[in-house]
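What follows is the content of work.pdb (PDB, C-alpha atoms, pLDDT in the B column).
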```pdb
ATOM      1  CA  MET A   1      43.738  35.746  37.486  1.00 77.00           C
ATOM      2  CA  ASN A   2      44.910  32.229  38.379  1.00 91.00           C
ATOM      3  CA  LYS A   3      43.360  30.566  41.409  1.00 94.00           C
ATOM      4  CA  ILE A   4      46.216  29.305  43.622  1.00 96.00           C
ATOM      5  CA  VAL A   5      44.234  27.848  46.530  1.00 96.00           C
ATOM      6  CA  GLU A   6      40.635  26.654  46.553  1.00 97.00           C
ATOM      7  CA  ILE A   7      39.079  25.550  49.849  1.00 96.00           C
ATOM      8  CA  LYS A   8      35.663  23.898  49.754  1.00 96.00           C
ATOM      9  CA  ASN A   9      33.485  22.931  52.738  1.00 96.00           C
ATOM     10  CA  LEU A  10      36.522  22.427  54.993  1.00 96.00           C
ATOM     11  CA  VAL A  11      35.656  20.763  58.300  1.00 95.00           C
ATOM     12  CA  LYS A  12      37.956  19.608  61.093  1.00 94.00           C
ATOM     13  CA  THR A  13      36.640  17.817  64.150  1.00 93.00           C
ATOM     14  CA  TYR A  14      38.416  16.411  67.183  1.00 90.00           C
ATOM     15  CA  GLY A  15      37.281  13.850  69.742  1.00 86.00           C
ATOM     16  CA  SER A  16      34.550  11.205  69.711  1.00 80.00           C
ATOM     17  CA  LYS A  17      30.924  11.796  68.797  1.00 76.00           C
ATOM     18  CA  GLU A  18      29.928  12.294  72.425  1.00 78.00           C
ATOM     19  CA  PHE A  19      32.653  14.897  72.983  1.00 84.00           C
ATOM     20  CA  GLU A  20      33.178  16.204  69.452  1.00 86.00           C
ATOM     21  CA  THR A  21      34.759  19.602  68.931  1.00 88.00           C
ATOM     22  CA  LYS A  22      34.508  21.338  65.565  1.00 89.00           C
ATOM     23  CA  ALA A  23      37.678  23.350  65.037  1.00 92.00           C
ATOM     24  CA  LEU A  24      36.654  24.330  61.495  1.00 94.00           C
ATOM     25  CA  LYS A  25      33.092  24.574  60.220  1.00 93.00           C
ATOM     26  CA  ALA A  26      32.520  24.415  56.451  1.00 93.00           C
ATOM     27  CA  ILE A  27      35.193  26.916  55.431  1.00 95.00           C
ATOM     28  CA  ASP A  28      35.110  28.145  51.819  1.00 96.00           C
ATOM     29  CA  LEU A  29      37.958  30.347  50.612  1.00 96.00           C
ATOM     30  CA  ASP A  30      39.631  31.118  47.290  1.00 96.00           C
ATOM     31  CA  ILE A  31      43.123  32.605  47.051  1.00 96.00           C
ATOM     32  CA  TYR A  32      44.239  34.058  43.737  1.00 96.00           C
ATOM     33  CA  GLU A  33      47.641  34.803  42.296  1.00 95.00           C
ATOM     34  CA  ASN A  34      49.162  37.942  43.863  1.00 95.00           C
ATOM     35  CA  ASP A  35      46.716  37.961  46.791  1.00 97.00           C
ATOM     36  CA  PHE A  36      47.997  38.991  50.220  1.00 97.00           C
ATOM     37  CA  ILE A  37      45.530  37.635  52.764  1.00 97.00           C
ATOM     38  CA  ALA A  38      45.615  37.893  56.536  1.00 97.00           C
ATOM     39  CA  ILE A  39      43.671  35.463  58.729  1.00 97.00           C
ATOM     40  CA  MET A  40      42.771  36.810  62.164  1.00 95.00           C
ATOM     41  CA  GLY A  41      40.728  35.618  65.098  1.00 90.00           C
ATOM     42  CA  PRO A  42      40.770  35.110  68.870  1.00 87.00           C
ATOM     43  CA  SER A  43      42.563  32.192  70.503  1.00 84.00           C
ATOM     44  CA  GLY A  44      40.715  28.986  69.665  1.00 85.00           C
ATOM     45  CA  SER A  45      39.087  30.486  66.566  1.00 90.00           C
ATOM     46  CA  GLY A  46      40.614  27.859  64.277  1.00 92.00           C
ATOM     47  CA  LYS A  47      43.197  29.976  62.461  1.00 92.00           C
ATOM     48  CA  THR A  48      46.145  27.733  63.395  1.00 90.00           C
ATOM     49  CA  THR A  49      44.116  24.639  62.484  1.00 93.00           C
ATOM     50  CA  LEU A  50      43.313  26.193  59.107  1.00 94.00           C
ATOM     51  CA  LEU A  51      46.963  27.002  58.463  1.00 93.00           C
ATOM     52  CA  ASN A  52      47.959  23.448  59.390  1.00 91.00           C
ATOM     53  CA  MET A  53      45.434  22.112  56.862  1.00 92.00           C
ATOM     54  CA  LEU A  54      46.649  24.421  54.112  1.00 93.00           C
ATOM     55  CA  SER A  55      50.335  23.762  54.728  1.00 88.00           C
ATOM     56  CA  THR A  56      49.753  19.967  54.568  1.00 88.00           C
ATOM     57  CA  LEU A  57      50.704  19.431  58.232  1.00 86.00           C
ATOM     58  CA  ASP A  58      47.251  18.046  59.074  1.00 89.00           C
ATOM     59  CA  LYS A  59      44.311  16.555  57.180  1.00 90.00           C
ATOM     60  CA  PRO A  60      40.709  17.759  57.269  1.00 93.00           C
ATOM     61  CA  THR A  61      37.793  15.658  58.457  1.00 93.00           C
ATOM     62  CA  GLN A  62      35.768  16.759  55.455  1.00 94.00           C
ATOM     63  CA  GLY A  63      36.127  18.966  52.400  1.00 95.00           C
ATOM     64  CA  SER A  64      38.876  19.646  49.885  1.00 95.00           C
ATOM     65  CA  ILE A  65      41.939  21.862  49.518  1.00 96.00           C
ATOM     66  CA  LEU A  66      43.308  22.464  46.039  1.00 96.00           C
ATOM     67  CA  ILE A  67      46.741  24.036  45.679  1.00 96.00           C
ATOM     68  CA  ASP A  68      47.594  24.940  42.094  1.00 94.00           C
ATOM     69  CA  GLY A  69      44.807  22.604  40.976  1.00 94.00           C
ATOM     70  CA  VAL A  70      45.904  19.584  43.051  1.00 94.00           C
ATOM     71  CA  ASP A  71      43.664  18.298  45.860  1.00 95.00           C
ATOM     72  CA  ILE A  72      46.167  17.825  48.674  1.00 94.00           C
ATOM     73  CA  THR A  73      43.655  15.800  50.694  1.00 92.00           C
ATOM     74  CA  LYS A  74      43.735  13.001  48.103  1.00 92.00           C
ATOM     75  CA  ILE A  75      47.392  12.542  47.137  1.00 92.00           C
ATOM     76  CA  ASN A  76      49.941  10.182  48.689  1.00 91.00           C
ATOM     77  CA  ASN A  77      52.752  11.283  51.002  1.00 90.00           C
ATOM     78  CA  LYS A  78      55.392  11.190  48.276  1.00 93.00           C
ATOM     79  CA  ASP A  79      53.421  13.499  45.985  1.00 93.00           C
ATOM     80  CA  LEU A  80      52.502  15.657  48.977  1.00 92.00           C
ATOM     81  CA  SER A  81      56.172  16.122  49.857  1.00 90.00           C
ATOM     82  CA  LYS A  82      56.935  17.043  46.241  1.00 91.00           C
ATOM     83  CA  LEU A  83      54.099  19.576  46.153  1.00 93.00           C
ATOM     84  CA  ARG A  84      55.191  21.065  49.477  1.00 91.00           C
ATOM     85  CA  LYS A  85      58.735  21.433  48.179  1.00 89.00           C
ATOM     86  CA  GLU A  86      57.819  22.895  44.794  1.00 90.00           C
ATOM     87  CA  LYS A  87      54.700  24.948  45.448  1.00 93.00           C
ATOM     88  CA  ILE A  88      54.783  26.184  49.061  1.00 94.00           C
ATOM     89  CA  GLY A  89      57.054  28.525  51.000  1.00 94.00           C
ATOM     90  CA  PHE A  90      56.918  28.728  54.798  1.00 93.00           C
ATOM     91  CA  ILE A  91      57.727  31.580  57.166  1.00 93.00           C
ATOM     92  CA  PHE A  92      57.677  30.578  60.835  1.00 85.00           C
ATOM     93  CA  GLN A  93      57.753  32.704  63.973  1.00 82.00           C
ATOM     94  CA  ASP A  94      61.028  31.137  65.138  1.00 83.00           C
ATOM     95  CA  TYR A  95      63.076  31.648  61.923  1.00 84.00           C
ATOM     96  CA  ASN A  96      64.424  28.045  61.612  1.00 87.00           C
ATOM     97  CA  LEU A  97      67.778  29.213  60.238  1.00 93.00           C
ATOM     98  CA  LEU A  98      70.719  26.791  60.469  1.00 94.00           C
ATOM     99  CA  ASP A  99      73.293  28.160  62.921  1.00 94.00           C
ATOM    100  CA  ASN A 100      76.309  26.555  61.200  1.00 96.00           C
ATOM    101  CA  MET A 101      75.584  28.244  57.858  1.00 96.00           C
ATOM    102  CA  SER A 102      75.950  31.862  56.785  1.00 97.00           C
ATOM    103  CA  LEU A 103      72.833  33.846  56.012  1.00 97.00           C
ATOM    104  CA  GLU A 104      73.729  33.606  52.330  1.00 97.00           C
ATOM    105  CA  ASP A 105      73.864  29.808  52.482  1.00 97.00           C
ATOM    106  CA  ASN A 106      70.656  29.653  54.535  1.00 96.00           C
ATOM    107  CA  ILE A 107      68.782  31.676  51.924  1.00 97.00           C
ATOM    108  CA  ALA A 108      70.274  29.652  49.058  1.00 96.00           C
ATOM    109  CA  LEU A 109      69.660  26.256  50.699  1.00 95.00           C
ATOM    110  CA  PRO A 110      66.421  25.312  48.862  1.00 93.00           C
ATOM    111  CA  LEU A 111      68.095  25.952  45.503  1.00 94.00           C
ATOM    112  CA  SER A 112      71.231  24.053  46.534  1.00 93.00           C
ATOM    113  CA  LEU A 113      69.131  21.046  47.541  1.00 91.00           C
ATOM    114  CA  ASP A 114      67.461  21.172  44.132  1.00 90.00           C
ATOM    115  CA  GLY A 115      70.827  21.083  42.356  1.00 89.00           C
ATOM    116  CA  VAL A 116      70.403  24.490  40.709  1.00 91.00           C
ATOM    117  CA  ASP A 117      73.450  25.864  38.874  1.00 94.00           C
ATOM    118  CA  LYS A 118      75.804  27.710  41.240  1.00 93.00           C
ATOM    119  CA  LYS A 119      75.851  30.949  39.210  1.00 94.00           C
ATOM    120  CA  GLN A 120      72.071  31.005  39.162  1.00 95.00           C
ATOM    121  CA  ILE A 121      71.941  30.385  42.909  1.00 96.00           C
ATOM    122  CA  ILE A 122      74.297  33.286  43.592  1.00 95.00           C
ATOM    123  CA  ALA A 123      72.369  35.625  41.302  1.00 95.00           C
ATOM    124  CA  LYS A 124      68.996  34.775  42.859  1.00 95.00           C
ATOM    125  CA  THR A 125      70.363  34.982  46.402  1.00 96.00           C
ATOM    126  CA  VAL A 126      71.873  38.418  45.798  1.00 95.00           C
ATOM    127  CA  LYS A 127      68.646  39.654  44.213  1.00 94.00           C
ATOM    128  CA  ILE A 128      66.299  38.467  46.940  1.00 94.00           C
ATOM    129  CA  ALA A 129      68.665  39.560  49.719  1.00 95.00           C
ATOM    130  CA  ALA A 130      68.557  43.081  48.293  1.00 94.00           C
ATOM    131  CA  MET A 131      64.752  42.999  48.275  1.00 91.00           C
ATOM    132  CA  PHE A 132      64.790  42.170  51.997  1.00 94.00           C
ATOM    133  CA  GLY A 133      67.533  44.679  52.860  1.00 93.00           C
ATOM    134  CA  LEU A 134      70.082  41.994  53.708  1.00 96.00           C
ATOM    135  CA  THR A 135      72.887  42.598  51.221  1.00 96.00           C
ATOM    136  CA  GLU A 136      75.455  43.664  53.825  1.00 97.00           C
ATOM    137  CA  HIS A 137      74.592  40.762  56.133  1.00 97.00           C
ATOM    138  CA  LEU A 138      74.962  37.814  53.751  1.00 97.00           C
ATOM    139  CA  LYS A 139      78.303  36.616  55.126  1.00 97.00           C
ATOM    140  CA  LYS A 140      77.135  36.752  58.735  1.00 97.00           C
ATOM    141  CA  TYR A 141      75.924  33.782  60.745  1.00 97.00           C
ATOM    142  CA  PRO A 142      72.533  33.730  62.505  1.00 95.00           C
ATOM    143  CA  TYR A 143      74.072  34.474  65.932  1.00 95.00           C
ATOM    144  CA  GLN A 144      75.434  37.728  64.482  1.00 97.00           C
ATOM    145  CA  LEU A 145      71.993  38.882  63.290  1.00 95.00           C
ATOM    146  CA  SER A 146      69.109  40.635  65.024  1.00 94.00           C
ATOM    147  CA  GLY A 147      65.726  38.952  65.259  1.00 93.00           C
ATOM    148  CA  GLY A 148      64.389  41.108  62.447  1.00 94.00           C
ATOM    149  CA  GLN A 149      67.317  40.276  60.179  1.00 95.00           C
ATOM    150  CA  LYS A 150      66.854  36.562  60.876  1.00 94.00           C
ATOM    151  CA  GLN A 151      63.158  36.746  60.028  1.00 93.00           C
ATOM    152  CA  ARG A 152      63.808  38.649  56.815  1.00 95.00           C
ATOM    153  CA  GLY A 153      66.424  36.005  55.976  1.00 95.00           C
ATOM    154  CA  ALA A 154      63.894  33.238  56.632  1.00 94.00           C
ATOM    155  CA  SER A 155      61.399  35.071  54.425  1.00 94.00           C
ATOM    156  CA  ALA A 156      63.950  35.440  51.635  1.00 95.00           C
ATOM    157  CA  ARG A 157      64.646  31.706  51.865  1.00 95.00           C
ATOM    158  CA  ALA A 158      60.906  30.989  51.597  1.00 94.00           C
ATOM    159  CA  LEU A 159      60.583  33.087  48.445  1.00 93.00           C
ATOM    160  CA  ILE A 160      63.757  32.075  46.617  1.00 95.00           C
ATOM    161  CA  THR A 161      62.159  29.085  44.871  1.00 93.00           C
ATOM    162  CA  ASP A 162      59.283  31.238  43.543  1.00 92.00           C
ATOM    163  CA  PRO A 163      56.615  29.116  45.269  1.00 94.00           C
ATOM    164  CA  LYS A 164      52.981  29.375  44.275  1.00 93.00           C
ATOM    165  CA  ILE A 165      52.069  30.523  47.769  1.00 95.00           C
ATOM    166  CA  ILE A 166      53.769  31.640  50.971  1.00 95.00           C
ATOM    167  CA  PHE A 167      52.271  30.617  54.317  1.00 95.00           C
ATOM    168  CA  ALA A 168      53.391  32.926  57.132  1.00 94.00           C
ATOM    169  CA  ASP A 169      52.597  31.886  60.704  1.00 93.00           C
ATOM    170  CA  GLU A 170      52.685  34.911  63.062  1.00 92.00           C
ATOM    171  CA  PRO A 171      55.829  36.180  61.277  1.00 93.00           C
ATOM    172  CA  THR A 172      56.148  39.294  63.465  1.00 92.00           C
ATOM    173  CA  GLY A 173      55.297  37.525  66.733  1.00 89.00           C
ATOM    174  CA  ALA A 174      58.866  37.608  68.099  1.00 87.00           C
ATOM    175  CA  LEU A 175      59.884  40.981  66.651  1.00 91.00           C
ATOM    176  CA  ASP A 176      59.998  44.528  67.984  1.00 92.00           C
ATOM    177  CA  SER A 177      57.975  47.226  66.244  1.00 93.00           C
ATOM    178  CA  LYS A 178      60.753  48.424  63.901  1.00 93.00           C
ATOM    179  CA  SER A 179      61.731  44.893  62.884  1.00 93.00           C
ATOM    180  CA  SER A 180      58.070  44.073  62.344  1.00 94.00           C
ATOM    181  CA  ARG A 181      57.626  47.072  60.084  1.00 94.00           C
ATOM    182  CA  ASP A 182      60.777  46.214  58.103  1.00 94.00           C
ATOM    183  CA  LEU A 183      59.589  42.639  57.565  1.00 94.00           C
ATOM    184  CA  LEU A 184      56.052  43.649  56.608  1.00 95.00           C
ATOM    185  CA  GLU A 185      57.329  46.236  54.139  1.00 94.00           C
ATOM    186  CA  SER A 186      59.548  43.557  52.587  1.00 93.00           C
ATOM    187  CA  LEU A 187      56.625  41.148  52.275  1.00 94.00           C
ATOM    188  CA  GLU A 188      54.476  43.924  50.837  1.00 94.00           C
ATOM    189  CA  SER A 189      57.209  44.620  48.274  1.00 92.00           C
ATOM    190  CA  ALA A 190      57.457  40.915  47.395  1.00 93.00           C
ATOM    191  CA  ASN A 191      53.703  40.879  46.859  1.00 93.00           C
ATOM    192  CA  GLN A 192      53.538  44.076  44.814  1.00 91.00           C
ATOM    193  CA  ARG A 193      56.763  43.865  42.797  1.00 87.00           C
ATOM    194  CA  ASN A 194      57.384  40.127  42.556  1.00 85.00           C
ATOM    195  CA  GLN A 195      53.748  39.012  42.427  1.00 90.00           C
ATOM    196  CA  ALA A 196      54.212  36.745  45.476  1.00 93.00           C
ATOM    197  CA  THR A 197      50.997  35.220  46.848  1.00 96.00           C
ATOM    198  CA  ILE A 198      50.897  35.339  50.649  1.00 97.00           C
ATOM    199  CA  LEU A 199      48.592  33.995  53.346  1.00 97.00           C
ATOM    200  CA  MET A 200      49.509  35.257  56.803  1.00 96.00           C
ATOM    201  CA  VAL A 201      48.028  34.164  60.117  1.00 95.00           C
ATOM    202  CA  THR A 202      48.356  36.922  62.691  1.00 94.00           C
ATOM    203  CA  HIS A 203      46.749  38.224  65.881  1.00 91.00           C
ATOM    204  CA  ASP A 204      48.206  41.689  65.233  1.00 93.00           C
ATOM    205  CA  ALA A 205      46.063  44.354  63.544  1.00 95.00           C
ATOM    206  CA  PHE A 206      49.127  46.347  62.456  1.00 95.00           C
ATOM    207  CA  SER A 207      50.539  43.319  60.622  1.00 96.00           C
ATOM    208  CA  ALA A 208      47.153  42.539  59.080  1.00 97.00           C
ATOM    209  CA  SER A 209      46.887  46.096  57.732  1.00 97.00           C
ATOM    210  CA  TYR A 210      49.633  45.292  55.203  1.00 97.00           C
ATOM    211  CA  ALA A 211      47.421  42.655  53.583  1.00 97.00           C
ATOM    212  CA  LYS A 212      44.952  43.263  50.777  1.00 97.00           C
ATOM    213  CA  GLN A 213      42.193  41.329  52.513  1.00 97.00           C
ATOM    214  CA  VAL A 214      41.581  40.333  56.110  1.00 97.00           C
ATOM    215  CA  TYR A 215      39.385  37.375  57.049  1.00 97.00           C
ATOM    216  CA  MET A 216      38.076  37.012  60.584  1.00 95.00           C
ATOM    217  CA  LEU A 217      37.663  33.536  62.043  1.00 94.00           C
ATOM    218  CA  ARG A 218      35.527  32.882  65.075  1.00 92.00           C
ATOM    219  CA  ASP A 219      34.513  29.498  66.476  1.00 92.00           C
ATOM    220  CA  GLY A 220      35.824  27.767  63.367  1.00 94.00           C
ATOM    221  CA  ALA A 221      33.915  29.866  60.835  1.00 94.00           C
ATOM    222  CA  ILE A 222      34.702  32.912  58.695  1.00 95.00           C
ATOM    223  CA  THR A 223      32.553  35.674  60.155  1.00 94.00           C
ATOM    224  CA  ALA A 224      33.804  38.756  58.313  1.00 95.00           C
ATOM    225  CA  ARG A 225      36.023  39.991  55.504  1.00 96.00           C
ATOM    226  CA  LEU A 226      37.633  43.386  55.068  1.00 97.00           C
ATOM    227  CA  ASN A 227      39.147  44.715  51.847  1.00 96.00           C
ATOM    228  CA  ALA A 228      42.014  47.187  51.989  1.00 96.00           C
ATOM    229  CA  GLY A 229      41.494  50.671  50.630  1.00 91.00           C
ATOM    230  CA  ARG A 230      44.141  53.069  49.386  1.00 88.00           C
ATOM    231  CA  ASP A 231      45.138  54.216  52.853  1.00 93.00           C
ATOM    232  CA  ARG A 232      46.747  51.649  55.160  1.00 94.00           C
ATOM    233  CA  SER A 233      46.142  53.627  58.363  1.00 94.00           C
ATOM    234  CA  GLU A 234      42.420  53.779  57.561  1.00 96.00           C
ATOM    235  CA  PHE A 235      42.455  50.008  56.942  1.00 97.00           C
ATOM    236  CA  TYR A 236      44.217  49.508  60.275  1.00 96.00           C
ATOM    237  CA  ASP A 237      41.459  51.509  62.019  1.00 96.00           C
ATOM    238  CA  ARG A 238      38.763  49.375  60.361  1.00 96.00           C
ATOM    239  CA  ILE A 239      40.515  46.194  61.496  1.00 96.00           C
ATOM    240  CA  LEU A 240      40.704  47.499  65.072  1.00 95.00           C
ATOM    241  CA  LYS A 241      37.008  48.414  65.021  1.00 94.00           C
ATOM    242  CA  LEU A 242      36.054  44.972  63.754  1.00 92.00           C
ATOM    243  CA  LEU A 243      38.184  43.301  66.433  1.00 90.00           C
ATOM    244  CA  ALA A 244      36.575  45.475  69.081  1.00 90.00           C
ATOM    245  CA  SER A 245      33.082  44.629  67.805  1.00 87.00           C
ATOM    246  CA  MET A 246      33.953  40.945  68.121  1.00 80.00           C
ATOM    247  CA  GLY A 247      35.132  41.495  71.679  1.00 70.00           C
ATOM    248  CA  SER A 248      38.481  39.913  70.826  1.00 50.00           C
ATOM    249  CA  GLY A 249      40.867  42.837  71.239  1.00 46.00           C
ATOM    250  CA  SER A 250      44.155  42.107  69.470  1.00 45.00           C
ATOM    251  CA  GLU A 251      43.975  38.393  70.229  1.00 44.00           C
TER     252      GLU A 251
END
```
What is this file in structure tokens?
Amino acid sequence: MNKIVEIKNLVKTYGSKEFETKALKAIDLDIYENDFIAIMGPSGSGKTTLLNMLSTLDKPTQGSILIDGVDITKINNKDLSKLRKEKIGFIFQDYNLLDNMSLEDNIALPLSLDGVDKKQIIAKTVKIAAMFGLTEHLKKYPYQLSGGQKQRGASARALITDPKIIFADEPTGALDSKSSRDLLESLESANQRNQATILMVTHDAFSASYAKQVYMLRDGAITARLNAGRDRSEFYDRILKLLASMGSGSE
């Protein structure tokens, strides 16, 4: 199995020596092709900081992050932008769809910007829209869509370039329970059928139960890991018990 992300001794500190705060403390984590990993932890645990490091939005104080074999802490901004464009897909809590474009054009945008052949763009857009249950909504504009439909559209856009890894930041945070379930089932399908590799940061145990592994962060360090079994409801119960033992509830 190919290693997509390799994190070694990752440290992030803020402030001066007298008032230094360690947001991340010597994190080691490997993510392999077709993994679906959820990162959980209470507020201030470091999960957002970790995601920012991985998605190239911030740089670590110490350590290395390899994405598809490239250490993103050591390359220049031009190469970093190229890697971000070619290797990483992003799913944000607030959708980031363009209001003046149809859902179809929003999903197809990364391919259009890359100059991909129009027939190929149409074929890929139709295929991935079907996977996310959006076929009948392709001609609609974002204002005509529900929150769940927008988020599934944003997810389809993130996957259309076949990135090496998808980073999802609280993807169900703004959704109701049905929309959350629809999105999570779509991501699960993308992982199982299309071999997508996903890292999701979430505070929600239900969302995390769709992952194959859950890592718990606390005070900047990984304190626990849970592996999914065959039964998702049983995995959900184990996640809740671990959260309760940490005294963090669903936060």
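Distance-wise, CA of Ile37 (chain A) and CA of Asp79 (chain A) end up 26.3 Å apart.
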Give me, as a Markdown table, the closest atom pair and its distance (Å, one decimal) for every residue of region 39-124 of chain A within a cut-off of 12 Å of region 212-219 of chain A, counting all atoms listed in the file, rows sorted by chain and rising number.
```
| residue | atom | partner | partner_atom | distance |
| --- | --- | --- | --- | --- |
| A:Ile39 | CA | A:Tyr215 | CA | 5.0 |
| A:Met40 | CA | A:Met216 | CA | 5.0 |
| A:Gly41 | CA | A:Leu217 | CA | 4.8 |
| A:Pro42 | CA | A:Arg218 | CA | 6.8 |
| A:Ser43 | CA | A:Arg218 | CA | 8.9 |
| A:Gly44 | CA | A:Asp219 | CA | 7.0 |
| A:Ser45 | CA | A:Arg218 | CA | 4.5 |
| A:Gly46 | CA | A:Asp219 | CA | 6.7 |
| A:Lys47 | CA | A:Leu217 | CA | 6.6 |
| A:Thr48 | CA | A:Leu217 | CA | 10.4 |
| A:Thr49 | CA | A:Leu217 | CA | 11.0 |
| A:Leu50 | CA | A:Leu217 | CA | 9.7 |
| A:Leu51 | CA | A:Leu217 | CA | 11.9 |
```
Dump as a tab-separated table the rows for residues of region 114-175 of chain A within 10 Å of region 193-197 of chain A: closest atom pair and distance in Å with one decimal, all atoms listed in the file counted, ordered by chain and rising residue number.
```
residue	atom	partner	partner_atom	distance
A:Met131	CA	A:Arg193	CA	9.7
A:Leu159	CA	A:Ala196	CA	7.9
A:Asp162	CA	A:Ala196	CA	7.7
A:Pro163	CA	A:Ala196	CA	8.0
A:Lys164	CA	A:Thr197	CA	6.7
A:Ile165	CA	A:Thr197	CA	4.9
A:Ile166	CA	A:Thr197	CA	6.1
A:Phe167	CA	A:Thr197	CA	8.9
```
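Comparing the minimum interatomic distances between Thr61 (chain A) and each of A:Asp176, A:Asp204, A:Asp99, A:Glu20, counting only C-alpha atoms, we find that A:Glu20 sits nearest.
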Q: Determine the residue set returned by the PyMOL selection byres ((chain A and resi 27) around 12) for the present structure, and present it as a PyMOL selection string.
A: chain A and resi 6-12+22-26+28-30+46-47+49-50+53-54+60-65+215-223
Residue neighbourhood Met101 (chain A), 12 Å, only C-alpha atoms, exclusion window fewer than 6 positions, as a PyMOL selection string
chain A and resi 107-109+138-144
For region 179-183 of chain A, list every protein, DNA or RNA residue within 12 Å, evaluated using all atoms listed in the file, and leave out those in the same chain fewer than 2 positions away; present the list as a PyMOL selection string. chain A and resi 91+93+131-134+145-156+168+170-177+185-190+204+206-210
Can you rebuild region 188-203 of chain A with N, CA and C atoms and give it as an mmCIF file, in the coordinates of the input?
```cif
data_model
loop_
_atom_site.group_PDB
_atom_site.id
_atom_site.type_symbol
_atom_site.label_atom_id
_atom_site.label_comp_id
_atom_site.auth_asym_id
_atom_site.auth_seq_id
_atom_site.Cartn_x
_atom_site.Cartn_y
_atom_site.Cartn_z
ATOM 1 N N GLU A 188 55.330 43.105 51.692
ATOM 2 C CA GLU A 188 54.476 43.924 50.837
ATOM 3 C C GLU A 188 55.147 44.158 49.486
ATOM 4 N N SER A 189 56.455 44.427 49.512
ATOM 5 C CA SER A 189 57.209 44.620 48.274
ATOM 6 C C SER A 189 57.241 43.340 47.447
ATOM 7 N N ALA A 190 57.446 42.201 48.103
ATOM 8 C CA ALA A 190 57.457 40.915 47.395
ATOM 9 C C ALA A 190 56.107 40.656 46.733
ATOM 10 N N ASN A 191 55.042 41.055 47.411
ATOM 11 C CA ASN A 191 53.703 40.879 46.859
ATOM 12 C C ASN A 191 53.442 41.822 45.687
ATOM 13 N N GLN A 192 53.849 43.071 45.827
ATOM 14 C CA GLN A 192 53.538 44.076 44.814
ATOM 15 C C GLN A 192 54.483 44.030 43.614
ATOM 16 N N ARG A 193 55.773 43.812 43.884
ATOM 17 C CA ARG A 193 56.763 43.865 42.797
ATOM 18 C C ARG A 193 57.065 42.496 42.201
ATOM 19 N N ASN A 194 57.021 41.469 43.025
ATOM 20 C CA ASN A 194 57.384 40.127 42.556
ATOM 21 C C ASN A 194 56.178 39.203 42.437
ATOM 22 N N GLN A 195 54.993 39.769 42.611
ATOM 23 C CA GLN A 195 53.748 39.012 42.427
ATOM 24 C C GLN A 195 53.630 37.815 43.371
ATOM 25 N N ALA A 196 54.311 37.842 44.515
ATOM 26 C CA ALA A 196 54.212 36.745 45.476
ATOM 27 C C ALA A 196 52.789 36.681 46.041
ATOM 28 N N THR A 197 52.308 35.458 46.246
ATOM 29 C CA THR A 197 50.997 35.220 46.848
ATOM 30 C C THR A 197 51.225 34.803 48.295
ATOM 31 N N ILE A 198 50.596 35.522 49.225
ATOM 32 C CA ILE A 198 50.897 35.339 50.649
ATOM 33 C C ILE A 198 49.619 35.143 51.451
ATOM 34 N N LEU A 199 49.631 34.142 52.329
ATOM 35 C CA LEU A 199 48.592 33.995 53.346
ATOM 36 C C LEU A 199 49.280 34.055 54.698
ATOM 37 N N MET A 200 48.874 35.017 55.507
ATOM 38 C CA MET A 200 49.509 35.257 56.803
ATOM 39 C C MET A 200 48.492 35.092 57.920
ATOM 40 N N VAL A 201 48.835 34.270 58.894
ATOM 41 C CA VAL A 201 48.028 34.164 60.117
ATOM 42 C C VAL A 201 48.647 35.091 61.155
ATOM 43 N N THR A 202 47.836 35.959 61.718
ATOM 44 C CA THR A 202 48.356 36.922 62.691
ATOM 45 C C THR A 202 47.269 37.316 63.680
ATOM 46 N N HIS A 203 47.681 37.667 64.897
ATOM 47 C CA HIS A 203 46.749 38.224 65.881
ATOM 48 C C HIS A 203 46.864 39.744 65.902
#
```
